[in-house]
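Q: See run-v5.txt below, with compact mmCIF, C-alpha atoms.
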```txt
# COMPACT_ATOMS: atom_id res chain seq x y z
CA MET U 426 -0.61 -27.51 36.53
CA SER U 427 -3.82 -26.69 38.39
CA ARG U 428 -5.44 -23.28 38.09
CA ILE U 429 -4.86 -20.89 40.96
CA PRO U 430 -7.97 -19.31 42.52
CA ARG U 431 -7.57 -15.55 42.88
CA ARG U 432 -8.51 -13.85 46.13
CA ILE U 433 -10.85 -11.37 44.44
CA PHE U 434 -12.73 -13.95 42.36
CA PRO U 435 -15.57 -14.63 44.87
CA ARG U 436 -16.35 -10.93 45.09
CA PHE U 437 -16.21 -10.58 41.30
CA LEU U 438 -18.42 -13.67 40.92
CA ALA U 439 -21.02 -12.15 43.24
CA GLU U 440 -21.39 -9.26 40.80
CA LEU U 441 -23.06 -11.60 38.29
CA ASP U 442 -26.30 -10.92 40.13
CA ARG U 443 -25.89 -7.15 40.18
CA PRO U 444 -27.03 -4.90 37.32
CA GLU U 445 -24.12 -2.41 37.43
CA ILE U 446 -21.36 -2.39 34.80
CA SER U 447 -18.50 -4.40 36.35
CA ILE U 448 -15.08 -3.07 35.34
CA LEU U 449 -11.84 -4.99 35.96
CA LEU U 450 -8.67 -2.89 35.78
CA GLY U 451 -4.98 -3.73 36.02
CA PRO U 452 -1.66 -3.93 34.16
CA ARG U 453 -1.03 -6.33 31.32
CA GLN U 454 -0.37 -10.00 32.05
CA VAL U 455 -1.92 -10.07 35.54
CA GLY U 456 -4.73 -12.45 34.56
CA LYS U 457 -7.66 -10.21 33.65
CA THR U 458 -8.60 -12.28 30.60
CA TYR U 459 -8.29 -15.50 32.61
CA LEU U 460 -10.59 -14.08 35.28
CA LEU U 461 -13.18 -13.00 32.71
CA ARG U 462 -13.07 -16.42 31.05
CA GLU U 463 -13.50 -18.19 34.41
CA LEU U 464 -16.44 -15.96 35.16
CA GLU U 465 -17.95 -16.74 31.77
CA LYS U 466 -17.72 -20.46 32.57
CA ARG U 467 -19.52 -19.93 35.89
CA ALA U 468 -22.23 -17.89 34.17
CA ARG U 469 -22.81 -20.63 31.59
CA ARG U 470 -23.00 -23.30 34.29
CA ALA U 471 -25.69 -21.19 35.94
CA GLY U 472 -27.64 -21.21 32.68
CA ARG U 473 -26.89 -17.62 31.72
CA PRO U 474 -26.36 -16.87 27.99
CA THR U 475 -22.93 -15.27 27.43
CA ARG U 476 -21.02 -13.43 24.73
CA TYR U 477 -17.30 -12.64 24.82
CA TYR U 478 -15.40 -9.95 22.88
CA ASN U 479 -11.69 -9.10 22.94
CA LEU U 480 -11.21 -5.66 21.40
CA GLU U 481 -7.53 -6.31 20.73
CA LEU U 482 -8.64 -8.84 18.12
CA PRO U 483 -9.34 -7.16 14.76
CA HIS U 484 -12.54 -9.12 14.13
CA ASP U 485 -14.06 -8.23 17.51
CA LEU U 486 -12.95 -4.61 17.24
CA LYS U 487 -14.58 -4.39 13.80
CA THR U 488 -17.80 -5.71 15.34
CA PHE U 489 -17.77 -2.64 17.61
CA SER U 490 -16.93 -0.15 14.85
CA GLY U 491 -20.49 1.01 14.19
CA THR U 492 -22.35 3.94 15.65
CA PRO U 493 -23.20 4.03 19.38
CA ALA U 494 -26.78 3.06 18.41
CA ASP U 495 -25.46 0.05 16.46
CA ILE U 496 -23.36 -1.11 19.41
CA PHE U 497 -26.22 -0.58 21.85
CA ASN U 498 -28.43 -2.76 19.65
CA LEU U 499 -25.69 -5.40 19.43
CA LEU U 500 -25.30 -5.55 23.22
CA THR U 501 -29.02 -5.58 23.99
CA GLU U 502 -30.31 -7.81 21.20
CA ARG U 503 -30.84 -10.56 23.80
CA PRO U 504 -30.49 -10.77 27.59
CA GLY U 505 -27.46 -12.39 29.16
CA VAL U 506 -23.90 -11.61 30.26
CA VAL U 507 -21.54 -9.76 27.91
CA PHE U 508 -17.76 -9.78 28.48
CA ILE U 509 -15.66 -7.07 26.80
CA ASP U 510 -11.89 -7.50 27.17
CA GLU U 511 -9.72 -4.35 26.70
CA PHE U 512 -12.80 -2.15 26.46
CA HIS U 513 -10.77 1.09 26.41
CA TYR U 514 -10.61 0.64 22.62
CA LEU U 515 -14.36 1.20 22.51
CA GLU U 516 -15.33 4.74 21.57
CA ASN U 517 -18.18 6.29 23.55
CA ALA U 518 -17.99 3.46 26.09
CA SER U 519 -19.53 5.54 28.86
CA LYS U 520 -22.52 6.59 26.80
CA ILE U 521 -23.11 3.05 25.56
CA PHE U 522 -22.72 1.40 28.98
CA LYS U 523 -25.07 3.96 30.54
CA ALA U 524 -27.68 3.29 27.86
CA VAL U 525 -27.41 -0.50 28.36
CA PHE U 526 -27.75 -0.14 32.14
CA ASP U 527 -30.72 2.21 31.85
CA SER U 528 -32.48 0.09 29.22
CA GLY U 529 -33.49 -2.60 31.71
CA LYS U 530 -33.12 -5.28 29.03
CA GLY U 531 -31.45 -7.82 31.29
CA VAL U 532 -27.90 -7.38 30.00
CA LYS U 533 -25.03 -7.58 32.47
CA ILE U 534 -21.65 -6.23 31.27
CA PHE U 535 -18.19 -7.19 32.53
CA ALA U 536 -15.39 -5.12 30.98
CA SER U 537 -11.62 -5.16 31.49
CA GLY U 538 -8.96 -2.57 30.70
CA SER U 539 -5.19 -2.08 30.90
CA SER U 540 -4.98 1.66 30.37
CA ALA U 541 -6.50 4.15 32.77
CA MET U 542 -5.68 6.87 30.24
CA GLY U 543 -7.87 5.20 27.65
CA ILE U 544 -10.52 4.38 30.22
CA HIS U 545 -10.70 7.93 31.56
CA ARG U 546 -10.88 9.24 28.01
CA HIS U 547 -13.81 6.99 27.16
CA LEU U 548 -15.62 7.24 30.49
CA LYS U 549 -15.94 11.00 30.52
CA GLU U 550 -19.64 10.84 31.27
CA SER U 551 -20.31 9.86 34.86
CA LEU U 552 -21.33 6.27 35.55
CA ALA U 553 -21.85 7.02 39.24
CA GLY U 554 -24.15 4.40 40.68
CA ARG U 555 -23.92 2.37 37.50
CA ARG U 556 -20.49 0.73 37.75
CA LEU U 557 -18.47 -1.49 40.08
CA THR U 558 -14.69 -1.23 39.69
CA THR U 559 -12.18 -3.90 40.74
CA TYR U 560 -8.38 -3.70 40.45
CA LEU U 561 -6.40 -6.89 39.74
CA SER U 562 -2.74 -7.11 40.78
CA PRO U 563 -0.18 -9.83 40.13
CA LEU U 564 -0.39 -12.86 42.40
CA ASP U 565 0.21 -12.22 46.07
CA PHE U 566 2.55 -14.59 47.89
CA ASN U 567 -0.24 -16.78 49.31
CA GLU U 568 -1.71 -17.20 45.82
CA PHE U 569 1.77 -17.95 44.47
CA LEU U 570 2.22 -20.71 47.08
CA ARG U 571 -0.74 -22.59 45.61
CA LYS U 572 1.02 -23.08 42.28
CA ASP U 573 2.41 -26.49 43.20
CA GLY U 574 1.23 -27.06 46.77
CA LYS U 575 4.73 -26.90 48.23
CA ALA U 576 5.04 -26.13 51.92
CA ASP U 577 8.61 -24.83 51.71
CA ARG U 578 7.74 -21.16 52.21
CA PRO U 579 11.33 -19.81 52.40
CA GLN U 580 12.27 -21.49 49.11
CA ALA U 581 9.06 -20.28 47.48
CA LEU U 582 9.67 -16.76 48.79
CA ALA U 583 13.16 -16.75 47.28
CA GLU U 584 11.63 -17.58 43.88
CA PHE U 585 8.91 -14.97 44.36
CA LEU U 586 11.44 -12.26 45.23
CA ALA U 587 13.46 -13.10 42.13
CA PHE U 588 10.74 -13.46 39.48
CA GLY U 589 7.63 -11.86 40.96
CA GLY U 590 3.98 -12.84 40.76
CA LEU U 591 2.89 -12.49 37.12
CA PRO U 592 0.64 -15.52 36.50
CA GLY U 593 2.19 -16.32 33.11
CA LEU U 594 5.46 -17.25 34.78
CA LEU U 595 3.84 -20.19 36.58
CA HIS U 596 4.03 -22.20 33.36
CA ALA U 597 7.69 -21.35 32.68
CA GLU U 598 9.81 -24.41 33.34
CA ASP U 599 13.16 -22.88 34.20
CA ARG U 600 15.00 -19.69 35.09
CA THR U 601 15.83 -18.85 31.46
CA SER U 602 12.18 -19.14 30.40
CA LYS U 603 11.05 -16.89 33.23
CA ILE U 604 13.61 -14.22 32.41
CA ARG U 605 12.71 -14.38 28.70
CA LEU U 606 9.02 -13.96 29.50
CA LEU U 607 9.66 -10.98 31.80
CA ASN U 608 11.76 -9.33 29.09
CA GLU U 609 9.00 -9.92 26.54
CA ILE U 610 6.45 -8.32 28.87
CA LEU U 611 8.68 -5.26 29.21
CA GLU U 612 9.17 -4.96 25.47
CA THR U 613 5.47 -5.49 24.74
CA TYR U 614 4.48 -2.88 27.29
CA ILE U 615 6.79 -0.27 25.77
CA GLN U 616 5.66 -1.08 22.24
CA LYS U 617 1.92 -1.34 22.92
CA ASP U 618 1.16 1.03 25.74
CA VAL U 619 3.89 3.65 25.79
CA LYS U 620 5.00 4.40 22.24
CA SER U 621 1.58 5.75 21.37
CA LEU U 622 1.57 8.00 24.44
CA ILE U 623 4.97 9.70 24.23
CA ARG U 624 6.95 11.46 21.55
CA GLU U 625 9.24 9.17 19.56
CA GLU U 626 12.40 11.08 20.51
CA ASN U 627 11.62 10.52 24.19
CA VAL U 628 11.48 6.72 24.07
CA ARG U 629 15.13 6.26 25.04
CA ALA U 630 14.87 8.80 27.84
CA PHE U 631 11.66 7.09 28.98
CA ASN U 632 13.49 3.75 29.12
CA ASN U 633 16.24 5.39 31.16
CA LEU U 634 13.59 6.77 33.50
CA LEU U 635 12.11 3.30 33.96
CA TYR U 636 15.55 1.96 34.87
CA LEU U 637 16.17 4.79 37.29
CA LEU U 638 12.82 4.25 39.00
CA ALA U 639 13.65 0.57 39.43
CA GLU U 640 17.08 1.38 40.80
CA SER U 641 15.78 3.98 43.26
CA GLN U 642 12.70 2.03 44.34
CA GLY U 643 11.91 2.72 47.98
CA SER U 644 13.91 5.96 48.01
CA ILE U 645 12.43 9.44 48.11
CA ILE U 646 12.40 11.00 44.64
CA SER U 647 11.48 14.26 42.93
CA GLU U 648 10.80 15.19 39.32
CA ASN U 649 13.69 17.68 39.45
CA SER U 650 16.27 15.11 40.51
CA LEU U 651 14.99 12.55 38.00
CA SER U 652 15.02 15.14 35.20
CA ARG U 653 18.72 15.84 35.76
CA GLU U 654 19.49 12.12 35.57
CA VAL U 655 17.58 11.34 32.35
CA GLY U 656 17.95 14.63 30.48
CA LEU U 657 14.28 15.58 30.35
CA THR U 658 12.46 18.54 31.83
CA ALA U 659 10.81 18.08 35.21
CA VAL U 660 7.44 18.66 33.53
CA THR U 661 8.11 15.84 31.04
CA VAL U 662 9.24 13.52 33.84
CA GLY U 663 6.02 14.27 35.69
CA ARG U 664 4.05 13.50 32.54
CA HIS U 665 5.87 10.19 32.10
CA LEU U 666 5.20 9.26 35.73
CA THR U 667 1.53 9.92 35.07
CA ILE U 668 1.64 7.60 32.06
CA LEU U 669 3.25 4.88 34.17
CA GLU U 670 0.61 5.25 36.86
CA ASN U 671 -2.23 5.33 34.36
CA THR U 672 -1.04 2.15 32.68
CA TYR U 673 -0.74 0.54 36.14
CA VAL U 674 3.01 -0.02 35.86
CA CYS U 675 3.88 1.88 39.01
CA ARG U 676 2.29 3.38 42.07
CA VAL U 677 3.36 6.70 43.59
CA VAL U 678 3.29 6.66 47.40
CA HIS U 679 3.05 10.04 49.11
CA SER U 680 4.25 11.07 52.53
CA PHE U 681 1.94 11.29 55.52
CA ALA U 682 1.85 14.67 57.25
CA ARG U 683 -0.81 16.31 59.33
CA ARG U 684 0.47 17.81 62.57
CA MET U 685 4.23 18.07 62.85
CA GLY U 686 5.89 21.16 61.40
CA ASN U 687 9.04 19.25 60.51
CA GLU U 688 7.41 16.47 58.49
CA LEU U 689 8.24 16.11 54.81
CA LYS U 690 4.89 16.97 53.29
CA LYS U 691 5.44 16.73 49.52
CA SER U 692 7.95 13.91 49.20
CA LYS U 693 7.10 10.65 47.43
CA LYS U 694 8.33 7.20 46.51
CA VAL U 695 7.60 5.11 43.42
CA TYR U 696 7.12 1.33 43.35
CA LEU U 697 6.83 -0.77 40.21
CA TYR U 698 3.86 -3.11 40.21
CA ASP U 699 5.85 -6.36 40.27
CA ILE U 700 9.21 -7.40 41.74
CA GLY U 701 10.01 -9.56 38.72
CA VAL U 702 9.48 -6.62 36.37
CA ARG U 703 11.81 -4.52 38.54
CA ASN U 704 14.47 -7.25 38.45
CA ALA U 705 14.09 -7.56 34.67
CA LEU U 706 14.73 -3.81 34.29
CA LEU U 707 17.83 -4.09 36.47
CA LYS U 708 18.83 -7.44 34.93
CA ASP U 709 19.41 -8.81 38.42
CA PHE U 710 17.65 -12.00 39.53
CA SER U 711 20.11 -12.96 42.26
CA SER U 712 19.09 -14.07 45.76
CA LEU U 713 18.71 -11.65 48.66
CA ARG U 714 22.03 -12.66 50.19
CA GLY U 715 23.90 -11.71 47.04
CA ARG U 716 22.26 -8.33 46.45
CA GLU U 717 23.40 -4.87 47.45
CA ASP U 718 19.78 -3.73 47.17
CA ALA U 719 18.37 -6.48 49.41
CA GLY U 720 16.66 -3.83 51.56
CA ALA U 721 14.87 -2.40 48.53
CA VAL U 722 13.75 -5.91 47.48
CA ARG U 723 12.30 -6.59 50.93
CA GLU U 724 10.54 -3.23 50.98
CA SER U 725 9.18 -3.77 47.46
CA TYR U 726 7.77 -7.13 48.50
CA VAL U 727 6.07 -5.64 51.56
CA PHE U 728 4.59 -2.83 49.47
CA SER U 729 3.28 -5.28 46.87
CA GLU U 730 1.50 -7.33 49.54
CA LEU U 731 -0.01 -4.16 51.01
CA GLU U 732 -1.14 -2.88 47.64
CA LYS U 733 -2.81 -6.18 46.74
CA ARG U 734 -5.00 -5.85 49.83
CA ARG U 735 -5.79 -2.17 49.61
CA LEU U 736 -9.45 -1.19 49.24
CA PRO U 737 -10.86 2.26 48.42
CA ASP U 738 -11.17 3.28 52.09
CA VAL U 739 -7.51 2.50 52.77
CA ASP U 740 -4.50 4.61 51.82
CA ILE U 741 -0.83 3.63 51.87
CA ARG U 742 1.71 6.29 52.81
CA PHE U 743 5.21 6.57 54.25
CA TRP U 744 6.46 8.98 56.89
CA ARG U 745 9.67 10.90 57.30
CA SER U 746 10.68 13.87 59.42
CA ARG U 747 13.19 16.48 58.39
CA ALA U 748 15.46 15.04 61.07
CA GLY U 749 15.60 11.79 59.07
CA GLN U 750 13.31 9.61 61.19
CA GLU U 751 11.37 7.39 58.80
CA ILE U 752 8.67 4.73 58.79
CA ASP U 753 8.49 2.63 55.64
CA PHE U 754 4.70 2.37 55.34
CA LEU U 755 1.56 3.67 56.98
CA VAL U 756 -1.75 1.96 56.31
CA VAL U 757 -4.22 4.80 56.85
CA ARG U 758 -7.92 4.28 57.38
CA ASP U 759 -10.40 6.68 58.99
CA ARG U 760 -7.46 9.11 59.35
CA LYS U 761 -5.66 6.69 61.69
CA ALA U 762 -2.37 5.01 60.83
CA PHE U 763 -1.06 1.47 61.27
CA LEU U 764 2.75 1.52 61.14
CA ILE U 765 4.86 -0.96 59.15
CA GLU U 766 8.65 -1.07 59.15
CA VAL U 767 10.92 -3.44 57.21
CA LYS U 768 14.06 -4.54 59.06
CA SER U 769 16.77 -7.15 58.57
CA GLY U 770 19.14 -8.79 61.00
CA LEU U 771 17.01 -8.33 64.12
CA LYS U 772 17.98 -10.81 66.85
CA ARG U 773 15.36 -9.67 69.37
CA PRO U 774 12.25 -7.46 69.30
CA GLU U 775 13.39 -3.85 68.97
CA VAL U 776 10.89 -1.11 68.24
CA PRO U 777 12.36 1.63 66.00
CA ARG U 778 12.79 5.07 67.55
CA ALA U 779 10.67 6.52 64.73
CA PHE U 780 7.65 4.65 66.17
CA ASN U 781 8.17 6.50 69.46
CA VAL U 782 8.29 9.89 67.76
CA PHE U 783 5.29 9.18 65.55
CA ILE U 784 3.04 7.79 68.30
CA LYS U 785 3.80 10.77 70.55
CA HIS U 786 2.43 13.08 67.87
CA TYR U 787 -0.31 10.71 66.69
CA PRO U 788 -1.58 8.89 69.81
CA GLU U 789 -4.54 7.52 67.85
CA THR U 790 -2.10 5.23 65.97
CA LEU U 791 -3.67 1.78 65.53
CA GLY U 792 -0.57 -0.35 66.14
CA GLY U 793 2.48 -1.57 64.29
CA LEU U 794 4.08 -4.40 62.37
CA ILE U 795 7.82 -4.93 61.99
CA VAL U 796 8.78 -7.26 59.15
CA SER U 797 12.08 -8.99 59.84
CA ASP U 798 13.96 -12.09 58.75
CA GLY U 799 12.95 -14.50 61.50
CA LEU U 800 11.09 -12.98 64.44
CA ASN U 801 7.45 -13.91 65.06
CA GLU U 802 6.18 -12.38 68.31
CA LYS U 803 4.46 -9.33 69.80
CA VAL U 804 5.20 -6.64 72.40
CA ARG U 805 3.37 -3.73 74.03
CA PHE U 806 4.89 -0.35 73.23
CA MET U 807 3.41 3.02 74.28
CA ASP U 808 0.12 1.20 74.88
CA LYS U 809 0.12 -0.12 71.30
CA GLU U 810 0.46 -3.71 70.11
CA ILE U 811 3.56 -4.10 67.96
CA ARG U 812 4.00 -7.41 66.17
CA PHE U 813 7.13 -8.87 64.61
CA VAL U 814 6.74 -11.19 61.63
CA SER U 815 9.09 -12.91 59.19
CA LEU U 816 8.95 -12.13 55.47
CA ASP U 817 7.42 -15.49 54.52
CA LYS U 818 4.61 -15.09 57.10
CA LEU U 819 3.74 -11.53 56.05
CA PRO U 820 0.56 -12.27 54.01
CA GLY U 821 -1.15 -14.00 56.92
CA ALA U 822 -0.10 -11.24 59.29
CA LEU U 823 -1.57 -8.58 57.02
CA ASP U 824 -4.82 -10.52 56.61
CA GLN U 825 -5.16 -11.13 60.34
CA TRP U 826 -3.91 -7.90 61.90
CA VAL U 827 -4.02 -5.10 59.35
CA PHE U 828 -6.80 -5.77 56.81
CA ALA U 829 -9.02 -8.26 58.66
CA ASP U 830 -12.09 -6.01 58.41
CA ARG U 831 -11.20 -4.69 54.94
CA LEU U 832 -10.61 -7.89 52.97
CA PRO U 833 -12.89 -8.77 50.04
CA ASN U 834 -15.73 -11.07 51.01
```
What is this structure when it is put down as structure tokens?

A:
Amino acid sequence: MSRIPRRIFPRFLAELDRPEISILLGPRQVGKTYLLRELEKRARRAGRPTRYYNLELPHDLKTFSGTPADIFNLLTERPGVVFIDEFHYLENASKIFKAVFDSGKGVKIFASGSSAMGIHRHLKESLAGRRLTTYLSPLDFNEFLRKDGKADRPQALAEFLAFGGLPGLLHAEDRTSKIRLLNEILETYIQKDVKSLIREENVRAFNNLLYLLAESQGSIISENSLSREVGLTAVTVGRHLTILENTYVCRVVHSFARRMGNELKKSKKVYLYDIGVRNALLKDFSSLRGREDAGAVRESYVFSELEKRRLPDVDIRFWRSRAGQEIDFLVVRDRKAFLIEVKSGLKRPEVPRAFNVFIKHYPETLGGLIVSDGLNEKVRFMDKEIRFVSLDKLPGALDQWVFADRLPN
């Protein structure tokens, strides 16, 4: 099977010629190590000396067990490109990286990490102006399509909605192998990343919370309601949600509210980082037609494609009024919103009433996209362009109409 080029790789490759510390973040099993290794190959082809360390390997971790001065000397003993995988295991990383950058000894560092909690703990000292941070998600649908060159987008989408976009699944030969691998990823995550962060007696409740988050994905939640379901305090639930966010397993999406008095201002939704991981938690890999939660699957897919294109100047929100009018997603940039709604069963272009209400109160709205099962057309509505697009054509629509000026170069 051929290797799949990732959309962020050209931008990451361009950082070879920049002196800042390049940091690649993301959950486990999304291809960070693969990306670092590919970058190392490119650096060597360009004649750059390279060194590679994986701090989850005992030998490499031992190499970095000396004093900060020892590690600084190790990294700067000769110019070239140094790759440090899972660098959050490195004590005093901020101090060391800052010293390497300031030394001017011709050393370029690329570092990856899977735990924001560990990274924040070790990057206490500011690296402002000295680091470039990139987030790596699972494969988006367009990347997934390249796995075997098939043009049957609906069939490929059905597979993507069942098993998700974790790159490791591309080498799994059948359904059973994919499900086994997803289950192993779940178990490894809980063993490696969570057990050390929560009290032992809370592991079962934490697992129940994970299941509940998967089940309620796309619905408005609160720590109080979740605490009643899993038998933990609201404070503990909030702490667990923070752990999930900081290990990149989920993303909390907050409501958009600025002008209307009847908007829900503190509500939120939670989305797991991959559809296949969600399905593994629920133990449900059935097709859309056979699922009671087909709406949640569609919405999760749309969110994942949005999140994989989000850059620092873009925020993703949802909107809901106290009267129950709701818009699934708002892509907000420069304080202006682009509206996205997920619908099924549309036979003709119908703009949701919530768009009318929202645009009346926010006339600076940039436009809208309605994701449906089969429509692909556009209409004018309240002087805004509203486009309709099918699920399998969503990535191209987002690239062309929503993120065209925000995509990585």

Q: Please return the centre and edge lengths, in Å to one decimal, of a box with edges along x, y and z that contains all listed atoms of range 654-667 of chain U, widened by 5 Å on every side, as lines of an AutoDock Vina configuration file.

A:
```
center_x = 10.5
center_y = 14.0
center_z = 33.0
size_x = 28.0
size_y = 19.4
size_z = 15.4
```

Q: Using all atoms listed in the file, pick whichever of U:Tyr787, U:Phe508, U:Tyr636, U:Tyr560 has the shortest atom-to-atom distance to Pro452 in chain U.

A: U:Tyr560

Q: Applying 9 Å and only C-alpha atoms, which residues near range 728-736 of chain U remain after dropping the ones on its own chain fewer than 3 positions away? List them as an NGL selection string.

A: :U and (560-566 or 696-700 or 723-725 or 739-741 or 754 or 756 or 819-820 or 823-824 or 828 or 831-833)

Q: Keeping only C-alpha atoms, take the residues you just selected and write them out as an mmCIF file, in the frame of the given file.

A:
```
data_model
loop_
_atom_site.group_PDB
_atom_site.id
_atom_site.type_symbol
_atom_site.label_atom_id
_atom_site.label_comp_id
_atom_site.auth_asym_id
_atom_site.auth_seq_id
_atom_site.Cartn_x
_atom_site.Cartn_y
_atom_site.Cartn_z
ATOM 1 C CA TYR U 560 -8.380 -3.700 40.450
ATOM 2 C CA LEU U 561 -6.400 -6.890 39.740
ATOM 3 C CA SER U 562 -2.740 -7.110 40.780
ATOM 4 C CA PRO U 563 -0.180 -9.830 40.130
ATOM 5 C CA LEU U 564 -0.390 -12.860 42.400
ATOM 6 C CA ASP U 565 0.210 -12.220 46.070
ATOM 7 C CA PHE U 566 2.550 -14.590 47.890
ATOM 8 C CA TYR U 696 7.120 1.330 43.350
ATOM 9 C CA LEU U 697 6.830 -0.770 40.210
ATOM 10 C CA TYR U 698 3.860 -3.110 40.210
ATOM 11 C CA ASP U 699 5.850 -6.360 40.270
ATOM 12 C CA ILE U 700 9.210 -7.400 41.740
ATOM 13 C CA ARG U 723 12.300 -6.590 50.930
ATOM 14 C CA GLU U 724 10.540 -3.230 50.980
ATOM 15 C CA SER U 725 9.180 -3.770 47.460
ATOM 16 C CA VAL U 739 -7.510 2.500 52.770
ATOM 17 C CA ASP U 740 -4.500 4.610 51.820
ATOM 18 C CA ILE U 741 -0.830 3.630 51.870
ATOM 19 C CA PHE U 754 4.700 2.370 55.340
ATOM 20 C CA VAL U 756 -1.750 1.960 56.310
ATOM 21 C CA LEU U 819 3.740 -11.530 56.050
ATOM 22 C CA PRO U 820 0.560 -12.270 54.010
ATOM 23 C CA LEU U 823 -1.570 -8.580 57.020
ATOM 24 C CA ASP U 824 -4.820 -10.520 56.610
ATOM 25 C CA PHE U 828 -6.800 -5.770 56.810
ATOM 26 C CA ARG U 831 -11.200 -4.690 54.940
ATOM 27 C CA LEU U 832 -10.610 -7.890 52.970
ATOM 28 C CA PRO U 833 -12.890 -8.770 50.040
#
```

Q: Find, counting all atoms listed in the file, the residue in U:Glu775, U:Glu516, U:Glu789, U:Asp442 that gets nearest to Arg760 in chain U.

A: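 Distance minimum relative to Arg760 in chain U lands on U:Glu789.
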
Q: Pick out the residues sitting within 9 Å of Phe497 in chain U, and hand them over as a PyMOL selection string; count only C-alpha atoms, and ignore anything fewer than 3 positions along from it in its own chain.

A: chain U and resi 492-494+500-502+521-522+524-525

Q: What gap, in Å, lies between CA of Ile615 in chain U and CA of Phe631 in chain U?

A: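 CA of Phe631 in chain U lies at a distance of 9.4 Å from CA of Ile615 in chain U.
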
Q: For Leu552 in chain U, find every residue with an atom within 10 Å (counting all atoms listed in the file), except residues of its own chain fewer than 6 positions away, and show them as a PyMOL selection string.

A: chain U and resi 445-446+519-520+522-523+526

Q: Would you mind exporting C-alpha atoms of the selected residues as a PDB file, keeping the file's coordinate frame?

A:
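Printed below is part_16.pdb as written:
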```
ATOM      1  CA  GLU U 445     -24.120  -2.410  37.430  1.00  0.00           C
ATOM      2  CA  ILE U 446     -21.360  -2.390  34.800  1.00  0.00           C
ATOM      3  CA  SER U 519     -19.530   5.540  28.860  1.00  0.00           C
ATOM      4  CA  LYS U 520     -22.520   6.590  26.800  1.00  0.00           C
ATOM      5  CA  PHE U 522     -22.720   1.400  28.980  1.00  0.00           C
ATOM      6  CA  LYS U 523     -25.070   3.960  30.540  1.00  0.00           C
ATOM      7  CA  PHE U 526     -27.750  -0.140  32.140  1.00  0.00           C
TER       8      PHE U 526
END
```

Q: Quick one, how far is CA of Leu464 in chain U from CA of Leu441 in chain U?

A: 8.5 Å

Q: Give me the residues within 9 Å of Asp759 in chain U as JSON, numbers by chain, counting all atoms listed in the file and dropping any in the same chain fewer than 2 places off.

A: {"U": [738, 739, 757, 761, 762]}

Q: Would you mind telling me which residue in U:Ile752, U:Ile448, U:Ala639, U:Leu515 lies nearest to Val767 in chain U when using only C-alpha atoms?

A: U:Ile752

Q: For each of U:Tyr514, U:Trp744, U:Tyr477, U:Phe535, take the minimum atom-to-atom distance to Phe437 in chain U, counting only C-alpha atoms, then give the residue where this is smallest.

A: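 Nearest candidate to Phe437 in chain U out of U:Tyr514, U:Trp744, U:Tyr477, U:Phe535: U:Phe535.
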
Q: What is the distance, in Å and to one decimal place, between CA of Leu586 in chain U and CA of Arg571 in chain U?

A: 16.0 Å

Q: Using only C-alpha atoms, which residue out of U:Leu570, U:Gln580, U:Ala705, U:Arg556 lies closest to Lys603 in chain U?

A: U:Ala705

Q: Tell me which of U:Ala581, U:Leu591, U:Leu461, U:Leu707 sits closest to Leu635 in chain U, counting only C-alpha atoms.

A: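 When distances to Leu635 in chain U are compared using only C-alpha atoms, the smallest one comes from U:Leu707.
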